[in-house]
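**Student:** First the structure, then my questions, so here it is.
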Amino acid sequence: MESITLKARHVIIIAAVLIAAIGVGAYFIFFHNPADISDNNPSVGGIVFKLDESAKEYTGREPENKGGTSGIKIPGYDTVRLPSGTTDVKMILLNPEGNPCYFVFELVINGERYYKSDFVEPSMCIEDLKLTKPLPKGTHTAILKISTYSLDESLSQMNGANVEFELIVV
């Protein structure tokens with residue numbers, strides 16, 4: 001009788017291991033495929049790669065680099081003035097020429113995100129931003145969060161930056 005119980009335990013253990021292996025395999029096939037492509041936008045590690053459609057070639061002068069010596073140029077912003085009562089604003093968000101990465105920009109004020117871009121290539125900029133809602137009048141401390149991703153197909157996250165500047169809404 002003991003040998004039947006021992007055989008039954010082995011069968012149950014083997015069945016449990018096979019079910020777990022099938023479950024893990026199904027997860028990787030259906031939910032965690034790094035080469036997943038939807039709408040021609042590859043997804044790598046949960047990041048959907050989509051170039052920002054509003055980005056265009058930057059033709060202005062090279063801005064001051066606030067990024068230090070990491071090899072990634074981060075543009076600086078001093079004081080930016082924006083009109084009140086509108087969500088359409090003009091502000092240049094630049095990924096400087098020669099950077100080894102894509103930029104994703106987020107404009108955050110008082111912990112709230114007012115804008116987020118898609119991927120911006122080096123030497124490209126966004127000039128027309130569509131905010132999530134109008135900014136209140138006054139002087140604000142704004143943070144432009146810049147997330148950086150490698151130019152290769154791995155889209156590895158690189159060193160980013162938080163650029164703090166004064167934002168005056170008139």
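Each chain in the structure tokens gets a letter, A, B, ..., in the order shown, and its residues are numbered from 1; ligands are numbered from 1 in order too.
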With a distance cut-off of 7 Å and only C-alpha atoms, select the neighbouring residues of stretch 76-92 of chain A, excluding the residue or stretch itself and same-chain residues fewer than 5 positions from it, and output the selection as a VMD selection string.
**Tutor:** chain A and resid 63 to 66 125 to 137 163 165 to 170
**Student:** Find the distance between atom CA of A:Gln157 and atom CA of A:Gly60 and write it in Å to one decimal.
**Tutor:**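 According to the coordinates, atom CA of A:Gln157 and atom CA of A:Gly60 are separated by 27.5 Å.
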**Student:** List the spatial neighbours of A:Lys116 as a list in words - criterion: any atom at most 7 Å away, only C-alpha atoms, same-chain residues fewer than 5 positions off excluded.
**Tutor:** Phe105, Glu106 and Leu107 of chain A
**Student:** Take the residues from that selection and write them out as an mmCIF file, in the first residue's frame, keeping all heavy atoms.
**Tutor:**
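Result file is result-v5.cif:
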```
data_model
loop_
_atom_site.group_PDB
_atom_site.id
_atom_site.type_symbol
_atom_site.label_atom_id
_atom_site.label_comp_id
_atom_site.auth_asym_id
_atom_site.auth_seq_id
_atom_site.Cartn_x
_atom_site.Cartn_y
_atom_site.Cartn_z
ATOM 1 N N PHE A 105 9.957 63.418 -22.720
ATOM 2 C CA PHE A 105 9.813 64.589 -21.862
ATOM 3 C C PHE A 105 8.519 64.518 -21.054
ATOM 4 O O PHE A 105 7.482 64.125 -21.593
ATOM 5 C CB PHE A 105 9.754 65.879 -22.700
ATOM 6 C CG PHE A 105 10.983 66.161 -23.496
ATOM 7 C CD1 PHE A 105 11.061 65.817 -24.838
ATOM 8 C CD2 PHE A 105 12.072 66.796 -22.922
ATOM 9 C CE1 PHE A 105 12.194 66.095 -25.588
ATOM 10 C CE2 PHE A 105 13.214 67.083 -23.661
ATOM 11 C CZ PHE A 105 13.268 66.730 -24.993
ATOM 12 N N GLU A 106 8.596 64.940 -19.783
ATOM 13 C CA GLU A 106 7.408 65.100 -18.944
ATOM 14 C C GLU A 106 7.511 66.450 -18.247
ATOM 15 O O GLU A 106 8.525 66.737 -17.612
ATOM 16 C CB GLU A 106 7.336 64.025 -17.867
ATOM 17 C CG GLU A 106 6.966 62.653 -18.356
ATOM 18 C CD GLU A 106 6.850 61.667 -17.207
ATOM 19 O OE1 GLU A 106 5.836 61.717 -16.482
ATOM 20 O OE2 GLU A 106 7.791 60.877 -17.038
ATOM 21 N N LEU A 107 6.455 67.266 -18.344
ATOM 22 C CA LEU A 107 6.401 68.539 -17.641
ATOM 23 C C LEU A 107 5.561 68.334 -16.382
ATOM 24 O O LEU A 107 4.381 67.992 -16.471
ATOM 25 C CB LEU A 107 5.780 69.629 -18.519
ATOM 26 C CG LEU A 107 5.638 71.006 -17.874
ATOM 27 C CD1 LEU A 107 6.999 71.571 -17.466
ATOM 28 C CD2 LEU A 107 4.907 71.967 -18.803
#
```
**Student:** For a test of reading the model, state the distance in Å between atom CA of A:Glu62 and atom CA of A:Ser150, rounded to one decimal.
**Tutor:**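 That distance, rounded to one decimal, is 21.7 Å.
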**Student:** Would you compute the distance between atom CA of A:Asn110 and atom CA of A:Ala142? Give it in Å to one decimal.
**Tutor:**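 Interatomic distance here is 7.5 Å.
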**Student:** Here is a test: counting only C-alpha atoms, which residue of A:Thr59, A:Asn159, A:Ser154, A:Ser117 is nearest to A:Asn99?
**Tutor:**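 For A:Asn99, the nearest of the candidates is A:Asn159.
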